[in-house]
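J.: Have a look at this one before I ask anything.
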Number of protein chains: 4
Amino acid sequence: MCRWLAYIGTPLLLEELLYKPQHSLIDQSLHAQLGATTTNGDGTGVGWYGEHPSPGLYRSIAPAWGDLNLREIASQVRARAFLAHVRASTGSAVQQTNCHPFRHKHWLWMHNGQISHFALIKRELMLAIDPELYPEIAGSTDSEVFFFLAITFGLSHDPPQAVERAVGFIEQVGYAAGIEHPVRLTVAMSNGHKVWGFRYSSIGRSASLYHTVEVATLKDQYPDNPILHDLSTESRLVVSEPFGGLTGAWSEVPESSYAVVGQGEDEIVRFKPRAP
Amino acid sequence: MCRWLAYIGTPLLLEELLYKPQHSLIDQSLHAQLGATTTNGDGTGVGWYGEHPSPGLYRSIAPAWGDLNLREIASQVRARAFLAHVRASTGSAVQQTNCHPFRHKHWLWMHNGQISHFALIKRELMLAIDPELYPEIAGSTDSEVFFFLAITFGLSHDPPQAVERAVGFIEQVGYAAGIEHPVRLTVAMSNGHKVWGFRYSSIGRSASLYHTVEVATLKDQYPDNPILHDLSTESRLVVSEPFGGLTGAWSEVPESSYAVVGQGEDEIVRFKPRAP
Amino acid sequence: MCRWLAYIGTPLLLEELLYKPQHSLIDQSLHAQLGATTTNGDGTGVGWYGEHPSPGLYRSIAPAWGDLNLREIASQVRARAFLAHVRASTGSAVQQTNCHPFRHKHWLWMHNGQISHFALIKRELMLAIDPELYPEIAGSTDSEVFFFLAITFGLSHDPPQAVERAVGFIEQVGYAAGIEHPVRLTVAMSNGHKVWGFRYSSIGRSASLYHTVEVATLKDQYPDNPILHDLSTESRLVVSEPFGGLTGAWSEVPESSYAVVGQGEDEIVRFKPRAP
Amino acid sequence: MCRWLAYIGTPLLLEELLYKPQHSLIDQSLHAQLGATTTNGDGTGVGWYGEHPSPGLYRSIAPAWGDLNLREIASQVRARAFLAHVRASTGSAVQQTNCHPFRHKHWLWMHNGQISHFALIKRELMLAIDPELYPEIAGSTDSEVFFFLAITFGLSHDPPQAVERAVGFIEQVGYAAGIEHPVRLTVAMSNGHKVWGFRYSSIGRSASLYHTVEVATLKDQYPDNPILHDLSTESRLVVSEPFGGLTGAWSEVPESSYAVVGQGEDEIVRFKPRAP
């Protein structure tokens with residue numbers, strides 16, 4: 001399992017959110033409180049929207065807590081949107097190509113959770129991926145296969161529906177193979193303009209997922225907080241696990257739903273797997 | 001492209017062959033003379049037959065020339081058969097799961113060369129792999145796919161024929177996809193009792209491959225050579241590139257053929273791709 | 001802080017002690033119970049006495065729990081004495097030269113604990129190291145400096161006294177620099193014939209240290225335990241933290257004392273820092 | 001030995017100079033033409049002046065040619081001054097703390113060459129470093145010791161004189177120890193406003209060093225070159241080895257001299273080691 005954070009809003013140095021807050025994501029790499037594992041030390045990664053429509057990507061097999069390059073990048077890179085991840089492998093190799101976020105064109109994707117008995121159905125899932133995309137798959141995780149299924153099912157046209165179809169397909173294949181609860185996920189994805197945060201599991205007891213309430217409300221509540229000071233009212237976070245010691249800042253994304261943040265009104269929408 | 005060495009015979013400390021000779025495999029990681037690239041710095045690996053029928057495996061993304069752990073293992077591990085490899089990636093990621101040798105049960109496999117336009121036909125090749133073996137594929141190289149095709153085509157029953165069928169299949173798929181010269185290879189494989197060294201390329205101009213002549217002859221020729229001193233008359237090497245400064249020690253494996261060494265008489269046999 | 005294990009006795013595959021027991025050292029890399037930190041993920045290492053008087057050494061910056069090479073070595077290397085370590089850095093870099101055990105000639109050394117305010121007194125400690133040894137110091141840890149001080153103070157002639165003098169010296173320098181409690185340690189060291197396990201701290205509240213009771217007693221108590229089955233009556237372990245679920249197998253090394261095991265009678269001796 | 005590049009001028013994406021030119025620094029990591037070694041695969045690093053007076057730093061033990069993170073950073077980071085390095089170790093460990101550039105406050109430093117018989121005089125050189133700086137030394141290279149000697153000898157007040165005194169001191173210590181030719185160097189350093197490039201060796205046959213001629217001249221000569229197109233007339237490069245295929249673009253820094261570029265007129269000044 002893993003921990004992750006997705007941000008969109010006022011351009012910020014990554015360190016403002018990755019390192020400076022209490023119980024930050026980097027702290028969660030050693031001391032996660034709500035995850036399946038306390039330690040998330042099987043690599044880390046961050047993707048950020050910067051100079052180009054296609055985001056920059058830093059991925060490393062070093063545990064996040066000791067990764068000096070991540071520390072440096074976080075103190076020098078300013079971005080209007082970024083996704084960061086600390087990994088706890090559920091079995092696949094610790095290697096750069098298995099670190100999140102995954103990237104395809106201007107999309108970033110990261111995942112906490114797993115496809116149950118992945119080895120059993122990997123081949124069938126891989127076969128359903130658009131053959132043109134197939135050679136792009138560089139790693140061996142369930143998370144990357146899941147991403148490429150979502151792309152195959154139309155991520156660029158209707159992002160949430162593509163994820164719903166990918167999950168529907170994984171469940172269909174999984175159930176057919178006799179897997180009781182095929183999917184467990186929180187997923188963050190972005191195209192640089194919006195961030196989507198999904199929460200779902202076949203068993204109906206998903207891992208934790210939170211998003212920030214309106215920054216204006218928070219600023220009223222914490223007038224002296226330095227992080228909030230620089231944020232515009234439209235800035236938003238979606239995270240596996242709250243941090244920063246800001247009681248009242250975080251709102252849970254309900255079971256089987258997804259949050260869309262980043263432009264205009266936030267939305268919380270019910271998530272329903274679909275037939276592909 | 002890559003350089004490799006396979007040994008079978010009198011149990012030896014790995015360093016006797018990997019480090020001590022002139023222009024040893026480790027030296028070839030920086031200064032290959034016959035390979036497609038001078039530098040073979042994209043990782044290294046060694047597999048050895050030791051305590052169990054299934055061989056031990058050390059694989060690392062560090063360049064061989066500076067890999068201290070490889071140096072230590074080589075000075076402490078004594079084996080009656082081992083395969084060692086220094087890698088120059090032809091495009092796939094530098095990660096441990098892409099380092100040679102690859103292992104399946106008691107088999108080891110390593111490859112120099114490539115499947116041309118691999119991205120174009122990877123999906124079709126993967127589909128032909130026995131679905132039961134599919135989840136074992138951990139990396140992203142053409143070399144590992146090639147190995148699993150050979151296993152699928154009967155490696156355990158008739159090793160050379162399985163390789164011929166794998167190559168026949170890759171060529172068939174490649175030609176159908178419009179690839180002019182689909183395969184280029186030298187391959188070493190072992191089950192711990194014999195070593196096979198294959199040399200073949202669709203274009204008919206294969207990378208170099210050598211095997212040692214009879215040790216008895218060499219001992220006559222070089223009575224003072226410390227490496228030869230400890231070798232039984234049945235010890236054999238198959239290598240990408242000669243080393244050790246022993247003129248007359250090496251015999252080229254001819255184009256489109258394979259060597260079998262390790263028990264009884266050496267054999268050189270013509271290699272002919274077969275319909276799978 | 002860190003966790004470690006030292007073994008001497010019947011030649012064993014390393015995995016018998018490193019991987020197979022309940023709450024083994026590898027498990028302690030993720031789930032230490034008695035250490036200062038739960039996670040010991042800043043690298044790992046093992047040194048073993050094998051082919052030569054000077055031991056073999058494998059050291060890696062990968063967390064032990066996911067280190068495939070360590071897993072392989074442990075399943076193939078059989079040794080009559082070995083020291084293994086999982087690291088939690090107290091500040092110095094995560095790099096191979098900072099991984100334990102450290103080696104000098106036929107000696108191995110590993111350390112749990114720290115020299116307080118090491119940066120403040122490092123220069124003075126380094127100056128006290130024998131200038132001939134100085135260039136051998138390859139890393140940046142307090143642990144390695146401590147080892148080379150012990151060598152300087154006569155490790156090869158009188159091992160425990162050399163450690164007592166090293167600690168005496170560190171305390172003297174530390175107190176002079178205004179450091180309240182300069183040293184905190186458990187240390188394991190070996191020359192391949194004996195293992196010494198030290199437990200001491202300036203403050204008098206040292207980290208945990210255990211050694212095994214007589215194997216004969218254990219065999220009586222656990223007649224079916226597969227690990228015990230292969231051990232001679234003279235085999236011994238000294239460890240940071242018990243494992244294996246063998247109640248009654250472990251005896252605590254008392255505060256400010258050291259254990260000597262490996263040949264003949266076990267000894268527990270009072271440890272007293274000495275003026276260098 | 002190593003290859004390096006230092007740039008100051010119009011803010012540029014790092015990739016414009018690190019990756020895009022013919023025979024770029026990244027290409028030189030595999031195919032250096034003027035260096036002591038063809039392969040410079042023992043790690044890489046880049047320091048850039050960005051968000052803060054203190055520069056950002058990325059350093060990695062991966063060979064530059066295959067370092068995906070370096071590729072990403074180079075395509076996303078735009079800087080008005082940066083130093084980049086590909087390393088060929090002359091003996092010290094391949095570890096992040098030994099990768100160049102080294103940083104102290106707002107200074108960056110990188111080195112090609114070596115202090116001869118460094119092990120012999122390391123202790124004496126370390127002793128001469130300001131004790132307050134001593135704990136900052138994180139690696140084990142001669143290059144970092146050289147840097148901290150220069151800081152000790154007044155880098156922040158009179159940069160070239162501090163380097164001359166550092167070299168004078170190293171030569172004095174070296175000669176006293178019976179070393180015939182103690183120093184061999186090209187060094188690049190920057191404070192973010194200027195770049196200094198030094199070329200010197202005790203034997204009087206220094207490694208290659210080049211700087212760019214005036215950009216205005218080059219633009220006249222190569223009106224269609226895309227790299228030149230975006231450069232202001234004050235942009236400058238100092239490099240180990242020319243690249244980009246621009247005959248006439250490069251001017252050799254003479255033996256025993258240094259170049260200062262970055263603000264106003266370029267200077268080439270004679271370099272003379274001084275008594276410390």
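If you're wondering about the labels, chains in the structure tokens are A, B, ... by order shown, residues count from 1 in each chain, ligands from 1 in order shown.
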Can I get the residues of chain B within 12 Å of chain D, each with the closest pair of atoms and their distance in Å to one decimal, using only C-alpha atoms, sorted chain first then ascending number, as CSV?

T.:
```
residue,atom,partner,partner_atom,distance
B:Ser29,CA,D:Thr39,CA,10.3
B:Leu30,CA,D:Thr39,CA,7.1
B:His31,CA,D:Thr39,CA,9.0
B:Ala32,CA,D:Thr39,CA,11.8
B:Thr37,CA,D:Leu30,CA,9.7
B:Thr38,CA,D:Leu30,CA,8.8
B:Thr39,CA,D:Thr39,CA,7.0
B:Asn40,CA,D:Leu30,CA,9.9
B:Gly41,CA,D:Gly41,CA,7.4
B:Asp42,CA,D:Gly66,CA,7.8
B:Gly43,CA,D:Ala62,CA,10.0
B:Ser60,CA,D:Ala62,CA,11.6
B:Ile61,CA,D:Ala62,CA,8.3
B:Ala62,CA,D:Ala62,CA,7.3
B:Pro63,CA,D:Gly41,CA,7.8
B:Ala64,CA,D:Gly41,CA,10.8
B:Trp65,CA,D:Asp42,CA,9.5
B:Gly66,CA,D:Val94,CA,7.3
B:Asp67,CA,D:Val94,CA,8.8
B:Leu68,CA,D:Ala93,CA,9.2
B:Ala88,CA,D:Gly66,CA,10.3
B:Ser89,CA,D:Gly66,CA,9.1
B:Thr90,CA,D:Gly66,CA,11.0
B:Gly91,CA,D:Gly66,CA,9.5
B:Ser92,CA,D:Gly66,CA,10.1
B:Ala93,CA,D:Gly66,CA,8.3
B:Val94,CA,D:Gly66,CA,7.3
B:Gln95,CA,D:Gly66,CA,10.7
```

J.: Next, dump the selected residues to file, keeping only C-alpha atoms, as a PDB file, in the first residue's frame.

T.:
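The result, stored in selection21.pdb:
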```
ATOM      1  CA  SER B  29      32.550  -3.819 -19.040  1.00  0.00           C
ATOM      2  CA  LEU B  30      34.710  -0.757 -19.777  1.00  0.00           C
ATOM      3  CA  HIS B  31      36.781  -1.839 -22.736  1.00  0.00           C
ATOM      4  CA  ALA B  32      35.027  -4.417 -24.868  1.00  0.00           C
ATOM      5  CA  THR B  37      29.692  -1.045 -27.734  1.00  0.00           C
ATOM      6  CA  THR B  38      32.938  -0.397 -25.893  1.00  0.00           C
ATOM      7  CA  THR B  39      31.154   0.270 -22.610  1.00  0.00           C
ATOM      8  CA  ASN B  40      28.872  -2.302 -21.027  1.00  0.00           C
ATOM      9  CA  GLY B  41      27.841  -0.307 -17.974  1.00  0.00           C
ATOM     10  CA  ASP B  42      24.084  -0.837 -17.664  1.00  0.00           C
ATOM     11  CA  GLY B  43      24.218  -3.389 -14.899  1.00  0.00           C
ATOM     12  CA  SER B  60      22.864  -5.199  -9.889  1.00  0.00           C
ATOM     13  CA  ILE B  61      22.316  -1.979 -11.808  1.00  0.00           C
ATOM     14  CA  ALA B  62      25.788  -0.747 -10.905  1.00  0.00           C
ATOM     15  CA  PRO B  63      28.368  -0.926 -13.681  1.00  0.00           C
ATOM     16  CA  ALA B  64      30.409  -4.094 -13.180  1.00  0.00           C
ATOM     17  CA  TRP B  65      33.729  -2.278 -13.027  1.00  0.00           C
ATOM     18  CA  GLY B  66      32.803  -0.523  -9.772  1.00  0.00           C
ATOM     19  CA  ASP B  67      30.487  -3.060  -8.172  1.00  0.00           C
ATOM     20  CA  LEU B  68      32.032  -3.884  -4.807  1.00  0.00           C
ATOM     21  CA  ALA B  88      24.696  -2.518 -22.459  1.00  0.00           C
ATOM     22  CA  SER B  89      21.010  -1.765 -22.751  1.00  0.00           C
ATOM     23  CA  THR B  90      19.489  -1.570 -26.200  1.00  0.00           C
ATOM     24  CA  GLY B  91      16.686   0.561 -24.820  1.00  0.00           C
ATOM     25  CA  SER B  92      14.941  -1.145 -21.939  1.00  0.00           C
ATOM     26  CA  ALA B  93      15.268   0.264 -18.432  1.00  0.00           C
ATOM     27  CA  VAL B  94      18.344  -0.138 -16.262  1.00  0.00           C
ATOM     28  CA  GLN B  95      16.807  -2.113 -13.436  1.00  0.00           C
TER      29      GLN B  95
END
```

J.: Can you tell me, as a ChimeraX atom specification, which residues in range 93-256 of chain C count as strand (DSSP E or B) by DSSP?

T.: /C:102-104,107-115,183-190,195-201,210-212,236-239,250-252

J.: Write the residues of the preceding selection, restricted to C-alpha atoms, as a tab-separated table (two decimals), in the first residue's frame.

T.:
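Result file part-v9.tsv:
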```
chain	number	residue	atom	x	y	z
C	102	PHE	CA	32.85	-2.61	8.68
C	103	ARG	CA	35.91	-4.70	7.93
C	104	HIS	CA	39.60	-4.40	8.68
C	107	TRP	CA	37.91	-8.22	11.78
C	108	LEU	CA	34.26	-7.33	11.39
C	109	TRP	CA	32.48	-4.64	13.42
C	110	MET	CA	28.93	-3.40	13.67
C	111	HIS	CA	27.25	-0.91	15.93
C	112	ASN	CA	23.84	0.11	17.17
C	113	GLY	CA	23.72	3.46	18.90
C	114	GLN	CA	25.57	6.67	18.35
C	115	ILE	CA	28.26	9.06	19.41
C	183	VAL	CA	28.30	7.30	23.85
C	184	ARG	CA	25.52	4.83	23.40
C	185	LEU	CA	26.30	1.45	21.99
C	186	THR	CA	25.80	-2.12	21.42
C	187	VAL	CA	28.64	-3.45	19.30
C	188	ALA	CA	29.30	-6.84	17.77
C	189	MET	CA	32.74	-7.74	16.56
C	190	SER	CA	34.46	-10.88	15.41
C	195	VAL	CA	32.21	-13.03	18.75
C	196	TRP	CA	32.18	-10.19	21.24
C	197	GLY	CA	28.96	-8.35	22.02
C	198	PHE	CA	29.24	-5.10	23.98
C	199	ARG	CA	26.52	-3.16	25.76
C	200	TYR	CA	27.23	0.22	27.25
C	201	SER	CA	26.04	3.82	27.34
C	210	TYR	CA	20.79	-10.66	24.10
C	211	HIS	CA	22.75	-13.83	23.68
C	212	THR	CA	21.57	-17.39	23.36
C	236	ARG	CA	25.91	-19.07	19.72
C	237	LEU	CA	24.01	-15.96	18.72
C	238	VAL	CA	24.32	-12.42	20.03
C	239	VAL	CA	21.51	-10.12	18.90
C	250	TRP	CA	17.65	-15.69	25.18
C	251	SER	CA	19.53	-14.20	28.03
C	252	GLU	CA	19.98	-10.46	28.36
```

J.: How far is it from CA of Ile170 in chain C to CA of Leu125 in chain C, in Å with one decimal?

T.: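 Going from CA of Ile170 in chain C over to CA of Leu125 in chain C, I get 7.2 Å.
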
J.: Write out as a VMD selection string the residues lying within 12 Å of Lys105 in chain D, counting only C-alpha atoms and excluding same-chain residues fewer than 4 positions away.

T.: chain D and resid 49 52 to 57 109 133 136 148 151 155 to 156 190 to 192

J.: At a cut-off of 10 Å, using only C-alpha atoms, what residues contact Glu164 in chain D? Leave out same-chain residues fewer than 5 positions from it and give the result as a PDB file with all heavy atoms, in the first residue's frame.

T.:
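Output (around-v1.pdb):
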```
ATOM      1  N   ALA D 150      39.976  25.395  -0.373  1.00  0.00           N
ATOM      2  CA  ALA D 150      39.785  26.703  -1.015  1.00  0.00           C
ATOM      3  C   ALA D 150      38.859  27.587  -0.171  1.00  0.00           C
ATOM      4  O   ALA D 150      39.096  28.785  -0.023  1.00  0.00           O
ATOM      5  CB  ALA D 150      39.248  26.516  -2.434  1.00  0.00           C
ATOM      6  N   PHE D 153      40.783  28.858   2.663  1.00  0.00           N
ATOM      7  CA  PHE D 153      41.764  29.874   2.273  1.00  0.00           C
ATOM      8  C   PHE D 153      41.105  31.126   1.688  1.00  0.00           C
ATOM      9  O   PHE D 153      41.770  31.915   1.016  1.00  0.00           O
ATOM     10  CB  PHE D 153      42.788  29.280   1.297  1.00  0.00           C
ATOM     11  CG  PHE D 153      43.700  28.259   1.930  1.00  0.00           C
ATOM     12  CD1 PHE D 153      44.022  27.075   1.269  1.00  0.00           C
ATOM     13  CD2 PHE D 153      44.251  28.477   3.197  1.00  0.00           C
ATOM     14  CE1 PHE D 153      44.866  26.139   1.859  1.00  0.00           C
ATOM     15  CE2 PHE D 153      45.094  27.529   3.790  1.00  0.00           C
ATOM     16  CZ  PHE D 153      45.404  26.365   3.121  1.00  0.00           C
ATOM     17  N   PRO D 159      38.089  34.727  -4.682  1.00  0.00           N
ATOM     18  CA  PRO D 159      37.987  33.339  -5.165  1.00  0.00           C
ATOM     19  C   PRO D 159      39.236  32.821  -5.866  1.00  0.00           C
ATOM     20  O   PRO D 159      39.745  31.755  -5.472  1.00  0.00           O
ATOM     21  CB  PRO D 159      36.768  33.378  -6.090  1.00  0.00           C
ATOM     22  CG  PRO D 159      35.970  34.563  -5.643  1.00  0.00           C
ATOM     23  CD  PRO D 159      36.960  35.564  -5.127  1.00  0.00           C
ATOM     24  N   PHE D 169      49.134  25.036  -1.254  1.00  0.00           N
ATOM     25  CA  PHE D 169      49.225  24.214  -0.050  1.00  0.00           C
ATOM     26  C   PHE D 169      49.303  22.725  -0.393  1.00  0.00           C
ATOM     27  O   PHE D 169      50.116  21.985   0.159  1.00  0.00           O
ATOM     28  CB  PHE D 169      48.035  24.493   0.861  1.00  0.00           C
ATOM     29  CG  PHE D 169      48.025  23.649   2.093  1.00  0.00           C
ATOM     30  CD1 PHE D 169      48.959  23.857   3.104  1.00  0.00           C
ATOM     31  CD2 PHE D 169      47.111  22.610   2.239  1.00  0.00           C
ATOM     32  CE1 PHE D 169      48.962  23.060   4.247  1.00  0.00           C
ATOM     33  CE2 PHE D 169      47.107  21.813   3.376  1.00  0.00           C
ATOM     34  CZ  PHE D 169      48.038  22.034   4.384  1.00  0.00           C
ATOM     35  N   ILE D 170      48.472  22.305  -1.305  1.00  0.00           N
ATOM     36  CA  ILE D 170      48.500  20.878  -1.690  1.00  0.00           C
ATOM     37  C   ILE D 170      49.870  20.523  -2.270  1.00  0.00           C
ATOM     38  O   ILE D 170      50.438  19.473  -1.954  1.00  0.00           O
ATOM     39  CB  ILE D 170      47.373  20.555  -2.693  1.00  0.00           C
ATOM     40  CG1 ILE D 170      46.001  20.760  -2.048  1.00  0.00           C
ATOM     41  CG2 ILE D 170      47.504  19.123  -3.215  1.00  0.00           C
ATOM     42  CD1 ILE D 170      44.831  20.793  -3.028  1.00  0.00           C
ATOM     43  N   PHE D 198      39.403  26.947 -13.954  1.00  0.00           N
ATOM     44  CA  PHE D 198      40.851  26.885 -13.716  1.00  0.00           C
ATOM     45  C   PHE D 198      41.477  25.717 -14.468  1.00  0.00           C
ATOM     46  O   PHE D 198      40.887  24.635 -14.543  1.00  0.00           O
ATOM     47  CB  PHE D 198      41.143  26.684 -12.221  1.00  0.00           C
ATOM     48  CG  PHE D 198      40.652  27.804 -11.357  1.00  0.00           C
ATOM     49  CD1 PHE D 198      39.356  27.792 -10.845  1.00  0.00           C
ATOM     50  CD2 PHE D 198      41.479  28.882 -11.064  1.00  0.00           C
ATOM     51  CE1 PHE D 198      38.905  28.836 -10.049  1.00  0.00           C
ATOM     52  CE2 PHE D 198      41.026  29.924 -10.265  1.00  0.00           C
ATOM     53  CZ  PHE D 198      39.729  29.899  -9.753  1.00  0.00           C
ATOM     54  N   TYR D 200      45.291  23.838 -14.467  1.00  0.00           N
ATOM     55  CA  TYR D 200      46.644  23.809 -13.904  1.00  0.00           C
ATOM     56  C   TYR D 200      47.039  22.371 -13.604  1.00  0.00           C
ATOM     57  O   TYR D 200      46.201  21.528 -13.288  1.00  0.00           O
ATOM     58  CB  TYR D 200      46.714  24.636 -12.610  1.00  0.00           C
ATOM     59  CG  TYR D 200      48.074  24.566 -11.952  1.00  0.00           C
ATOM     60  CD1 TYR D 200      49.139  25.310 -12.448  1.00  0.00           C
ATOM     61  CD2 TYR D 200      48.291  23.724 -10.863  1.00  0.00           C
ATOM     62  CE1 TYR D 200      50.399  25.218 -11.866  1.00  0.00           C
ATOM     63  CE2 TYR D 200      49.556  23.625 -10.283  1.00  0.00           C
ATOM     64  CZ  TYR D 200      50.598  24.367 -10.792  1.00  0.00           C
ATOM     65  OH  TYR D 200      51.836  24.264 -10.235  1.00  0.00           O
ATOM     66  N   PHE D 271      47.440  31.600 -13.782  1.00  0.00           N
ATOM     67  CA  PHE D 271      47.229  30.930 -12.495  1.00  0.00           C
ATOM     68  C   PHE D 271      48.567  30.561 -11.875  1.00  0.00           C
ATOM     69  O   PHE D 271      49.375  29.871 -12.507  1.00  0.00           O
ATOM     70  CB  PHE D 271      46.403  29.658 -12.709  1.00  0.00           C
ATOM     71  CG  PHE D 271      46.107  28.910 -11.443  1.00  0.00           C
ATOM     72  CD1 PHE D 271      44.967  29.191 -10.703  1.00  0.00           C
ATOM     73  CD2 PHE D 271      46.974  27.921 -10.972  1.00  0.00           C
ATOM     74  CE1 PHE D 271      44.696  28.499  -9.530  1.00  0.00           C
ATOM     75  CE2 PHE D 271      46.716  27.236  -9.798  1.00  0.00           C
ATOM     76  CZ  PHE D 271      45.572  27.522  -9.073  1.00  0.00           C
ATOM     77  N   LYS D 272      48.792  31.020 -10.663  1.00  0.00           N
ATOM     78  CA  LYS D 272      50.055  30.720  -9.977  1.00  0.00           C
ATOM     79  C   LYS D 272      49.789  30.239  -8.565  1.00  0.00           C
ATOM     80  O   LYS D 272      49.285  31.003  -7.745  1.00  0.00           O
ATOM     81  CB  LYS D 272      50.907  31.981  -9.877  1.00  0.00           C
ATOM     82  CG  LYS D 272      51.976  32.079 -10.955  1.00  0.00           C
ATOM     83  CD  LYS D 272      52.890  33.256 -10.712  1.00  0.00           C
ATOM     84  CE  LYS D 272      53.816  33.091  -9.498  1.00  0.00           C
ATOM     85  NZ  LYS D 272      54.799  34.218  -9.426  1.00  0.00           N
ATOM     86  N   PRO D 273      50.112  28.987  -8.265  1.00  0.00           N
ATOM     87  CA  PRO D 273      49.950  28.508  -6.889  1.00  0.00           C
ATOM     88  C   PRO D 273      50.666  29.449  -5.922  1.00  0.00           C
ATOM     89  O   PRO D 273      51.737  29.965  -6.237  1.00  0.00           O
ATOM     90  CB  PRO D 273      50.630  27.132  -6.914  1.00  0.00           C
ATOM     91  CG  PRO D 273      50.573  26.701  -8.333  1.00  0.00           C
ATOM     92  CD  PRO D 273      50.660  27.947  -9.149  1.00  0.00           C
ATOM     93  N   ARG D 274      50.045  29.687  -4.766  1.00  0.00           N
ATOM     94  CA  ARG D 274      50.609  30.594  -3.764  1.00  0.00           C
ATOM     95  C   ARG D 274      50.851  29.859  -2.460  1.00  0.00           C
ATOM     96  O   ARG D 274      50.103  28.939  -2.120  1.00  0.00           O
ATOM     97  CB  ARG D 274      49.606  31.690  -3.409  1.00  0.00           C
ATOM     98  CG  ARG D 274      49.348  32.679  -4.467  1.00  0.00           C
ATOM     99  CD  ARG D 274      48.185  33.564  -4.037  1.00  0.00           C
ATOM    100  NE  ARG D 274      47.709  34.293  -5.204  1.00  0.00           N
ATOM    101  CZ  ARG D 274      47.875  35.608  -5.358  1.00  0.00           C
ATOM    102  NH1 ARG D 274      48.432  36.330  -4.410  1.00  0.00           N
ATOM    103  NH2 ARG D 274      47.435  36.200  -6.455  1.00  0.00           N
ATOM    104  N   ALA D 275      51.799  30.381  -1.719  1.00  0.00           N
ATOM    105  CA  ALA D 275      51.958  29.883  -0.347  1.00  0.00           C
ATOM    106  C   ALA D 275      50.673  30.212   0.408  1.00  0.00           C
ATOM    107  O   ALA D 275      50.143  31.312   0.264  1.00  0.00           O
ATOM    108  CB  ALA D 275      53.143  30.556   0.319  1.00  0.00           C
ATOM    109  N   PRO D 276      50.135  29.272   1.164  1.00  0.00           N
ATOM    110  CA  PRO D 276      48.878  29.512   1.879  1.00  0.00           C
ATOM    111  C   PRO D 276      49.098  30.567   2.985  1.00  0.00           C
ATOM    112  O   PRO D 276      48.216  31.298   3.332  1.00  0.00           O
ATOM    113  CB  PRO D 276      48.534  28.157   2.486  1.00  0.00           C
ATOM    114  CG  PRO D 276      49.804  27.376   2.500  1.00  0.00           C
ATOM    115  CD  PRO D 276      50.645  27.901   1.377  1.00  0.00           C
TER     116      PRO D 276
END
```

J.: Mind the document's chain letters and residue numbers, and return as an MDAnalysis selection string the residues of range 77-269 of chain D that DSSP labels helix (DSSP H, G or I).

T.: chainID D and resid 96:98 118:127 134:136 142:152 159:176 215:221 226:229

J.: Might you pull out every residue within 10 Å of Val269 in chain B, with only C-alpha atoms counted and same-chain residues fewer than 6 positions away left off, and present them as a list in words?

T.: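 Within the cut-off, the hits are Pro160, Phe198, Val253, Pro254, Ser256, Ser257, Tyr258, Ala259 and Val260 of chain B.
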
J.: So how far away is CA of Gln28 in chain A from CA of Ser206 in chain A, in Å?

T.: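 Straight-line distance from CA of Ser206 in chain A to CA of Gln28 in chain A works out to 18.7 Å.
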
J.: When you draw a straight line from CA of Tyr58 in chain C to CA of Ser143 in chain C, how long is it in Å?

T.: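 Here the two named atoms are 17.3 Å from each other.
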
J.: Excluding same-chain residues fewer than 5 positions from Gly45 in chain A, what lies within 8 Å of it counting only C-alpha atoms, as a PyMOL selection string?

T.: chain A and resi 57-60+84-86+99-101

J.: Hey, what's within 9 Å of range 16-19 of chain D if we count only C-alpha atoms and toss same-chain stuff fewer than 3 positions away? As a VMD selection string, please?

T.: chain D and resid 5 7 12 to 13 22 to 27 71 74 to 75 84 227 244

J.: Would you save the residues from that selection as a short mmCIF file (atom, residue, chain, number, x, y, z; two decimals), in the first residue's frame, using C-alpha atoms?

T.:
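Result saved to out.cif:
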```cif
data_model
loop_
_atom_site.label_atom_id
_atom_site.label_comp_id
_atom_site.auth_asym_id
_atom_site.auth_seq_id
_atom_site.Cartn_x
_atom_site.Cartn_y
_atom_site.Cartn_z
CA LEU D 5 30.31 21.94 -18.28
CA TYR D 7 27.12 27.82 -18.05
CA LEU D 12 17.98 28.16 -20.38
CA LEU D 13 16.43 24.76 -19.94
CA GLN D 22 26.19 17.00 -30.79
CA HIS D 23 28.72 15.31 -28.51
CA SER D 24 26.98 16.85 -25.50
CA LEU D 25 28.18 16.27 -21.95
CA ILE D 26 25.82 13.31 -21.70
CA ASP D 27 27.38 11.85 -24.84
CA ARG D 71 16.86 13.76 -18.26
CA ALA D 74 17.09 18.90 -17.63
CA SER D 75 13.85 19.22 -19.55
CA ALA D 84 27.11 19.72 -14.67
CA ILE D 227 21.11 26.79 -29.47
CA GLY D 244 28.03 21.09 -30.61
#
```
